[in-house]
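**Student:** Take a look at coords_4.txt, compact mmCIF, C-alpha atoms and all ligand atoms:
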```
# COMPACT_ATOMS: atom_id res chain seq x y z
CA MET A 1 -12.53 27.25 -22.16
CA THR A 2 -11.41 27.84 -18.67
CA ARG A 3 -8.16 26.10 -17.91
CA VAL A 4 -7.00 24.70 -14.63
CA LEU A 5 -8.18 26.70 -11.65
CA LEU A 6 -5.71 25.29 -9.25
CA ILE A 7 -2.35 23.79 -9.80
CA VAL A 8 -0.13 23.07 -6.88
CA ALA A 9 3.46 23.23 -7.95
CA SER A 10 6.54 21.54 -6.61
CA VAL A 11 7.36 22.27 -3.02
CA SER A 12 9.75 25.16 -2.68
CA LEU A 13 11.14 25.70 0.76
CA VAL A 14 10.67 29.36 1.41
CA GLY A 15 9.84 29.44 5.09
CA LEU A 16 6.97 29.23 7.52
CA ILE A 17 3.75 31.06 6.76
CA THR A 18 0.80 31.01 9.16
CA GLY A 19 -2.62 32.66 9.40
CA CYS A 20 -5.63 33.06 7.14
CA ALA A 21 -5.99 33.48 3.42
CA THR A 22 -4.91 36.75 1.91
CA GLU A 23 -6.30 38.63 -1.03
CA LYS A 24 -3.05 38.79 -2.94
CA PRO A 25 -3.87 38.49 -6.69
CA ALA A 26 -2.52 35.47 -8.55
CA PRO A 27 -0.26 35.58 -11.59
CA ALA A 28 -2.25 35.70 -14.83
CA ALA A 29 -0.92 32.43 -16.26
CA LYS A 30 -0.31 29.39 -14.08
CA PRO A 31 -1.29 29.67 -10.41
CA GLN A 32 1.32 28.03 -8.27
CA VAL A 33 2.25 27.23 -4.75
CA GLN A 34 4.14 30.20 -3.38
CA ALA A 35 5.51 28.80 -0.20
CA ALA A 36 5.73 25.76 1.97
CA GLN A 37 7.09 25.34 5.43
CA ALA A 38 10.53 23.87 5.76
CA GLN A 39 10.52 20.90 8.08
CA PRO A 40 13.40 20.40 10.45
CA ALA A 41 14.86 16.93 10.17
CA GLY A 42 12.96 14.43 12.26
CA GLU A 43 9.87 16.63 12.65
CA GLN A 44 6.60 14.95 11.65
CA LYS A 45 4.39 18.07 11.67
CA PRO A 46 2.38 18.52 8.45
CA VAL A 47 3.62 21.01 5.91
CA ILE A 48 1.49 24.14 5.66
CA GLU A 49 0.70 24.80 2.03
CA TYR A 50 -0.51 27.95 0.33
CA VAL A 51 -1.70 28.17 -3.24
CA ASP A 52 -2.18 31.20 -5.44
CA THR A 53 -5.40 30.97 -7.43
CA PRO A 54 -7.56 33.32 -9.51
CA THR A 55 -9.44 34.10 -6.29
CA GLY A 56 -6.34 34.90 -4.28
CA ARG A 57 -3.97 33.06 -1.97
CA TRP A 58 -5.48 30.30 0.13
CA MET A 59 -4.40 27.58 2.47
CA VAL A 60 -5.15 23.99 1.45
CA HIS A 61 -8.58 23.01 2.89
CA ASP A 62 -9.48 26.63 3.66
CA GLU A 63 -13.21 26.95 4.38
CA ASN A 64 -13.08 30.67 3.62
CA ARG A 65 -12.03 30.04 0.04
CA PRO A 66 -14.85 30.94 -2.41
CA ALA A 67 -16.91 27.87 -3.33
CA PRO A 68 -17.81 27.23 -6.98
CA PRO A 69 -21.25 28.29 -8.23
CA VAL A 70 -24.16 25.86 -7.76
CA ILE A 71 -25.93 24.70 -10.94
CA THR A 72 -28.67 22.18 -11.80
CA PRO A 73 -27.48 19.17 -13.90
CA GLY A 74 -29.36 17.18 -16.59
CA ALA A 75 -29.74 13.39 -17.27
CA ARG A 76 -27.30 10.44 -16.94
CA ARG A 77 -25.57 8.13 -19.45
CA ALA A 78 -25.53 4.44 -20.42
CA ALA A 79 -22.48 2.28 -21.27
CA PRO A 80 -21.11 2.21 -24.84
CA SER A 81 -20.61 -1.14 -26.61
CA ASP A 82 -16.84 -1.31 -26.10
CA ALA A 83 -16.87 -0.68 -22.37
CA ASP A 84 -15.80 -3.24 -19.80
CA ILE A 85 -18.64 -3.46 -17.30
CA LEU A 86 -17.15 -3.46 -13.82
CA PHE A 87 -20.44 -3.53 -11.94
CA ASP A 88 -23.89 -4.07 -13.39
CA GLY A 89 -25.77 -4.13 -10.11
CA THR A 90 -25.85 -7.89 -9.66
CA ASP A 91 -22.47 -9.19 -8.40
CA LEU A 92 -19.08 -8.17 -7.05
CA SER A 93 -17.08 -10.78 -8.96
CA LYS A 94 -14.73 -8.12 -10.35
CA TRP A 95 -14.14 -6.57 -6.93
CA SER A 96 -12.34 -7.40 -3.71
CA ASP A 97 -11.24 -5.74 -0.51
CA THR A 98 -7.82 -4.10 -0.50
CA LYS A 99 -6.15 -7.33 0.60
CA GLY A 100 -7.64 -9.33 -2.25
CA GLY A 101 -10.30 -10.98 -0.08
CA GLU A 102 -14.06 -10.87 -0.44
CA SER A 103 -15.44 -7.41 0.17
CA LYS A 104 -18.02 -6.87 2.90
CA TRP A 105 -19.81 -4.22 0.85
CA VAL A 106 -23.38 -5.36 0.18
CA ILE A 107 -25.52 -5.59 -2.94
CA ARG A 108 -29.07 -4.36 -2.67
CA GLU A 109 -31.56 -3.55 -5.40
CA GLY A 110 -29.24 -3.01 -8.35
CA TYR A 111 -26.51 -1.23 -6.47
CA MET A 112 -23.65 -1.88 -4.05
CA GLU A 113 -23.45 -0.08 -0.75
CA SER A 114 -20.45 0.59 1.46
CA VAL A 115 -20.45 -0.85 4.96
CA LYS A 116 -18.85 1.11 7.76
CA GLY A 117 -15.57 -0.51 8.73
CA ALA A 118 -15.47 -2.78 5.68
CA GLY A 119 -12.73 -0.71 4.09
CA TYR A 120 -12.29 0.24 0.48
CA ILE A 121 -13.56 -1.96 -2.32
CA GLN A 122 -11.38 -2.24 -5.41
CA THR A 123 -11.28 -3.81 -8.83
CA LYS A 124 -9.31 -7.03 -9.13
CA ALA A 125 -7.97 -5.78 -12.45
CA LYS A 126 -5.55 -2.88 -12.54
CA TYR A 127 -5.69 0.07 -14.88
CA ALA A 128 -3.60 2.97 -16.07
CA SER A 129 -5.16 5.61 -18.33
CA CYS A 130 -8.88 5.16 -18.79
CA GLN A 131 -12.34 6.56 -19.22
CA LEU A 132 -14.39 5.62 -16.17
CA HIS A 133 -18.10 5.94 -15.62
CA VAL A 134 -19.45 5.69 -12.08
CA GLU A 135 -22.89 6.32 -10.67
CA PHE A 136 -23.27 7.10 -7.01
CA ALA A 137 -25.80 8.27 -4.48
CA THR A 138 -25.07 9.85 -1.13
CA PRO A 139 -27.35 8.80 1.76
CA GLU A 140 -30.93 10.01 1.46
CA LYS A 141 -31.08 10.34 5.22
CA VAL A 142 -28.87 13.35 5.81
CA GLU A 143 -26.55 12.96 8.77
CA GLY A 144 -23.42 14.81 9.75
CA THR A 145 -21.90 17.96 8.34
CA GLY A 146 -18.97 18.95 6.14
CA GLN A 147 -16.67 16.03 5.41
CA GLY A 148 -18.85 13.79 7.59
CA ARG A 149 -21.83 13.87 5.22
CA GLY A 150 -21.95 11.23 2.50
CA ASN A 151 -18.17 10.96 2.22
CA SER A 152 -16.67 8.40 -0.13
CA GLY A 153 -14.35 8.66 -3.10
CA VAL A 154 -13.32 7.19 -6.43
CA PHE A 155 -9.61 6.42 -6.64
CA LEU A 156 -7.74 6.10 -9.93
CA GLN A 157 -4.55 4.06 -10.24
CA GLY A 158 -5.24 3.02 -6.65
CA GLU A 159 -4.00 6.41 -5.49
CA TYR A 160 -5.68 9.61 -6.67
CA GLU A 161 -9.05 10.52 -5.20
CA VAL A 162 -11.99 12.11 -6.92
CA GLN A 163 -13.98 13.14 -3.88
CA VAL A 164 -17.51 11.86 -3.38
CA LEU A 165 -19.44 13.89 -0.83
CA ASP A 166 -22.94 15.16 -0.19
CA SER A 167 -22.20 18.72 -1.26
CA TYR A 168 -25.85 19.66 -1.68
CA GLU A 169 -26.22 22.62 0.66
CA ASN A 170 -23.36 21.30 2.79
CA LYS A 171 -20.46 23.65 3.36
CA THR A 172 -16.96 22.32 3.52
CA TYR A 173 -13.59 23.39 2.22
CA PRO A 174 -13.97 23.66 -1.59
CA ASP A 175 -10.87 21.59 -2.38
CA GLY A 176 -12.58 18.73 -0.54
CA GLN A 177 -16.16 19.07 -1.78
CA CYS A 178 -17.80 16.65 -4.19
CA ALA A 179 -15.91 16.38 -7.53
CA ALA A 180 -12.77 17.94 -6.06
CA LEU A 181 -9.45 16.27 -6.69
CA TYR A 182 -9.00 15.99 -2.98
CA GLY A 183 -6.89 18.81 -1.62
CA ARG A 184 -5.67 19.67 -5.11
CA ALA A 185 -8.39 21.07 -7.34
CA VAL A 186 -11.73 22.75 -6.66
CA PRO A 187 -14.47 21.73 -9.15
CA LEU A 188 -15.46 24.39 -11.68
CA VAL A 189 -19.07 24.30 -10.47
CA ASN A 190 -21.13 22.48 -7.86
CA ALA A 191 -23.26 20.16 -10.04
CA CYS A 192 -24.52 17.99 -7.17
CA ARG A 193 -27.95 16.46 -7.01
CA LYS A 194 -29.91 16.11 -3.78
CA PRO A 195 -29.02 13.46 -1.18
CA GLY A 196 -30.27 10.01 -2.25
CA GLU A 197 -30.51 10.92 -5.95
CA TRP A 198 -28.32 9.09 -8.45
CA GLN A 199 -25.43 11.05 -9.87
CA THR A 200 -22.78 10.31 -12.50
CA TYR A 201 -19.07 10.76 -12.85
CA ASP A 202 -17.41 10.48 -16.23
CA ILE A 203 -13.68 10.59 -15.65
CA ILE A 204 -10.96 10.78 -18.29
CA PHE A 205 -7.74 9.90 -16.55
CA HIS A 206 -4.18 9.80 -17.82
CA SER A 207 -2.04 7.92 -15.38
CA ALA A 208 1.09 8.85 -13.49
CA ILE A 209 4.37 7.24 -14.51
CA PHE A 210 7.30 6.94 -12.14
CA LYS A 211 10.85 5.96 -12.96
CA ASP A 212 13.51 5.21 -10.37
CA GLY A 213 11.20 6.58 -7.68
CA LYS A 214 10.63 9.89 -9.44
CA ILE A 215 7.62 11.03 -11.38
CA VAL A 216 8.23 11.36 -15.09
CA ARG A 217 4.60 11.97 -16.11
CA LYS A 218 2.08 13.66 -13.88
CA PRO A 219 -1.51 12.37 -13.90
CA THR A 220 -4.32 14.40 -15.45
CA PHE A 221 -8.06 14.42 -14.88
CA THR A 222 -11.01 15.62 -16.91
CA ILE A 223 -14.29 14.99 -15.08
CA LEU A 224 -17.96 15.48 -15.86
CA GLN A 225 -20.40 15.27 -12.98
CA ASN A 226 -23.97 14.70 -14.08
CA GLY A 227 -22.86 15.64 -17.59
CA VAL A 228 -21.30 18.91 -16.49
CA LEU A 229 -17.59 19.66 -16.82
CA VAL A 230 -16.19 20.02 -13.32
CA GLN A 231 -12.45 19.34 -13.87
CA ASP A 232 -10.94 20.49 -17.16
CA HIS A 233 -7.74 18.57 -17.94
CA VAL A 234 -6.25 19.21 -14.53
CA THR A 235 -2.68 18.10 -13.93
CA LEU A 236 -2.05 16.83 -10.42
CA GLU A 237 1.06 18.25 -8.82
CA GLY A 238 1.16 15.74 -5.98
CA GLY A 239 -0.92 13.22 -4.05
CA THR A 240 -4.47 13.58 -2.77
CA GLN A 241 -4.07 11.98 0.63
CA TRP A 242 -5.13 13.60 3.87
CA ARG A 243 -2.06 14.89 5.72
CA GLY A 244 -3.53 17.28 8.29
CA ALA A 245 -5.85 20.25 8.61
CA HIS A 246 -3.99 22.39 6.07
CA ALA A 247 -1.49 20.04 4.55
CA ILE A 248 -1.17 18.13 1.36
CA SER A 249 0.77 15.08 0.28
CA PRO A 250 3.63 14.83 -2.19
CA PHE A 251 3.76 12.24 -4.98
CA GLN A 252 4.50 8.72 -3.79
CA PRO A 253 5.95 6.33 -6.37
CA ILE A 254 3.32 3.80 -7.46
CA PRO A 255 3.11 1.11 -10.14
CA ASP A 256 2.03 2.05 -13.67
CA LYS A 257 -1.32 0.37 -13.10
CA GLY A 258 -3.61 0.33 -10.06
CA SER A 259 -7.10 -0.69 -9.02
CA ILE A 260 -10.17 1.47 -9.27
CA GLN A 261 -11.11 1.91 -5.62
CA LEU A 262 -14.24 3.14 -3.90
CA GLN A 263 -13.81 4.57 -0.44
CA ASP A 264 -15.46 3.47 2.78
CA HIS A 265 -15.46 6.65 4.84
CA GLY A 266 -18.08 5.46 7.32
CA ASN A 267 -21.14 6.71 5.42
CA PRO A 268 -23.44 4.30 3.52
CA GLU A 269 -22.60 5.27 -0.07
CA ARG A 270 -24.30 3.63 -3.05
CA TYR A 271 -22.72 2.81 -6.41
CA ARG A 272 -24.09 1.30 -9.62
CA ASN A 273 -23.47 1.09 -13.38
CA ILE A 274 -19.68 1.24 -13.30
CA TRP A 275 -17.85 0.78 -16.59
CA ILE A 276 -14.43 1.49 -17.97
CA ARG A 277 -12.64 1.96 -21.30
CA GLU A 278 -8.88 1.67 -21.18
CA LEU A 279 -7.02 4.38 -23.05
CA LYS A 280 -3.81 4.10 -24.98
CA ASP A 281 -1.50 6.95 -24.13
MG MG B 301 -13.49 10.87 0.37
```
Let me see the file written as structure tokens.
Ligand code: MG
**Tutor:**
Amino acid sequence: MTRVLLIVASVSLVGLITGCATEKPAPAAKPQVQAAQAQPAGEQKPVIEYVDTPTGRWMVHDENRPAPPVITPGARRAAPSDADILFDGTDLSKWSDTKGGESKWVIREGYMESVKGAGYIQTKAKYASCQLHVEFATPEKVEGTGQGRGNSGVFLQGEYEVQVLDSYENKTYPDGQCAALYGRAVPLVNACRKPGEWQTYDIIFHSAIFKDGKIVRKPTFTILQNGVLVQDHVTLEGGTQWRGAHAISPFQPIPDKGSIQLQDHGNPERYRNIWIRELKD
């Protein structure tokens, strides 16, 4: 089975590189970051990152990078008997806003929907390693382009984003399309359904562990979208936060457990049938 397509390695300060992607072939084994810009002390400009992949060397968030193939997925799943049901379509009692207050997300007919400006919604309980099932639907009424179309996200450990986006015939940078580990890993295929149709994520996550401010275990993701493998035991090599047009974020120390979060990115995203099984590492 295909292993990780993209692994961004630790930042090595080799010097400034600018310009477009090149066609330099990647090493056969583990693709790695080849260079990052050194930042003079006090400068706040984003680091420019390049990654070597099986398709060549690319900048982070490079729209010219080859997108994964588009396929047609099958049917969705129901919860197993030992799952903890986080949202069954009827109430948000297990959820809050990011400050612990009542979320302004709304419940409609069996689903919750994000409200522009309401901010992220998150579980009151915190989790480390887990199996997470989420169903989502991007807006049926298609508006916007690229990252502005049906953008949301599922965050594990309150930190690492599995991108949610309307990536049905909607071009964007592949490391930010639906099912990407944002900025870090392109999905193996584009298994998206049409806007407005319900889709599933089944995420197997092994959490990050930090000690004395340094990471001692990197987080890993295996993800099925609509029953199709889209991330195959991918190890994150840093954070997934937005840091600029072609920049990426380093690891930030976080607690061993964090909330499951759903992102408000200004588009009315729908979620339903969310359940979790905690995993012992
Ligand atoms: Mg997002």
**Student:** Residues within 6 Å of region 113-116 of chain A, please, as a PyMOL selection string. Count only C-alpha atoms; anything in the same chain fewer than 5 positions from it doesn't count.
**Tutor:** chain A and resi 105-106+264+266+268-270
**Student:** Show which residues sit within 7 Å of Ser103 (chain A), as a VMD selection string. Count all atoms listed in the file, and ignore same-chain residues fewer than 6 positions away.
**Tutor:** chain A and resid 96 to 97 121
**Student:** Quick one: residues within 12 Å of Val162 (chain A), all atoms listed in the file, excluding same-chain residues fewer than 3 positions away - as number ranges by chain?
**Tutor:** A: 132, 134, 151-159, 165, 175-187, 201-205, 220-225, 230-231, 234, 236, 239-241, 260-263
**Student:** I'd like the interatomic distance between CA of Gly148 (chain A) and CA of His265 (chain A), to a tenth of an Å.
**Tutor:**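 That distance, rounded to one decimal, is 8.4 Å.
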**Student:** Could you tell me which of A:Lys126, A:His246, A:Tyr271, A:Asp166 comes closest to Ser207 (chain A) if we count all atoms listed in the file?
**Tutor:**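 Result for the nearest residue to Ser207 (chain A): A:Lys126.
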**Student:** Region 127-159 of chain A near region 69-88 of chain A within 12 Å: what's each residue's closest atom pair and its distance in Å to one decimal, counting only C-alpha atoms, ordered by chain then ascending residue number, as CSV?
**Tutor:**
```
residue,atom,partner,partner_atom,distance
A:Tyr127,CA,A:Asp84,CA,11.7
A:Cys130,CA,A:Ala83,CA,10.5
A:Gln131,CA,A:Ala83,CA,9.1
A:Leu132,CA,A:Ala83,CA,9.2
A:His133,CA,A:Ala79,CA,8.0
A:Val134,CA,A:Phe87,CA,9.3
A:Glu135,CA,A:Arg76,CA,8.7
A:Phe136,CA,A:Arg76,CA,11.2
```
**Student:** Return the single residue from A:Val164, A:Ala137, A:Ala191, A:Leu92 that is closest to ligand MG 301 (chain B), with distances computed using all atoms listed in the file.
**Tutor:**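 Checking each of A:Val164, A:Ala137, A:Ala191, A:Leu92 against ligand MG 301 (chain B), counting all atoms listed in the file, the winner is A:Val164.
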**Student:** By how many Å are CA of Phe210 (chain A) and CA of Pro253 (chain A) apart?
**Tutor:** 6.0 Å
**Student:** Between CA of Cys192 (chain A) and CA of Trp275 (chain A), measure the distance and give it in Å to one decimal.
**Tutor:**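 These atoms are spaced 20.7 Å apart.
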**Student:** Could you check the closest approach to ligand MG 301 (chain B) for each of A:Arg65, A:Arg108, A:Arg149, A:Lys194 and tell me which residue wins, using only C-alpha atoms and all ligand atoms?
**Tutor:**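 That would be A:Arg149, the residue with the smallest distance to ligand MG 301 (chain B).
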**Student:** Would you please work out which residue, of A:Lys94, A:Arg193, A:Arg272, A:His61, is nearest to Asn226 (chain A) when using only C-alpha atoms?
**Tutor:** A:Arg193
**Student:** I need the residue nearest ligand MG 301 (chain B) from this list: A:Asn267, A:Pro255, A:Gly244, A:Ile209. Use all atoms listed in the file for the distance.
**Tutor:**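 Smallest distance to ligand MG 301 (chain B) is found for A:Asn267.
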**Student:** Using the file's own x, y and z axes, what box holds all listed atoms of region 252-266 of chain A with 6 Å on each side, keeping edges along x, y and z, and what are its centre and edge lengths in Å to one decimal, as lines of an AutoDock Vina configuration file?
**Tutor:**
```
center_x = -6.1
center_y = 4.0
center_z = -3.2
size_x = 36.0
size_y = 21.4
size_z = 33.0
```
**Student:** When distances are computed from all atoms listed in the file, which of A:Tyr173, A:Tyr50, A:Tyr168, A:Trp242 shows the smallest separation from ligand MG 301 (chain B)?
**Tutor:**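 Among the listed residues, A:Trp242 lies closest to ligand MG 301 (chain B).
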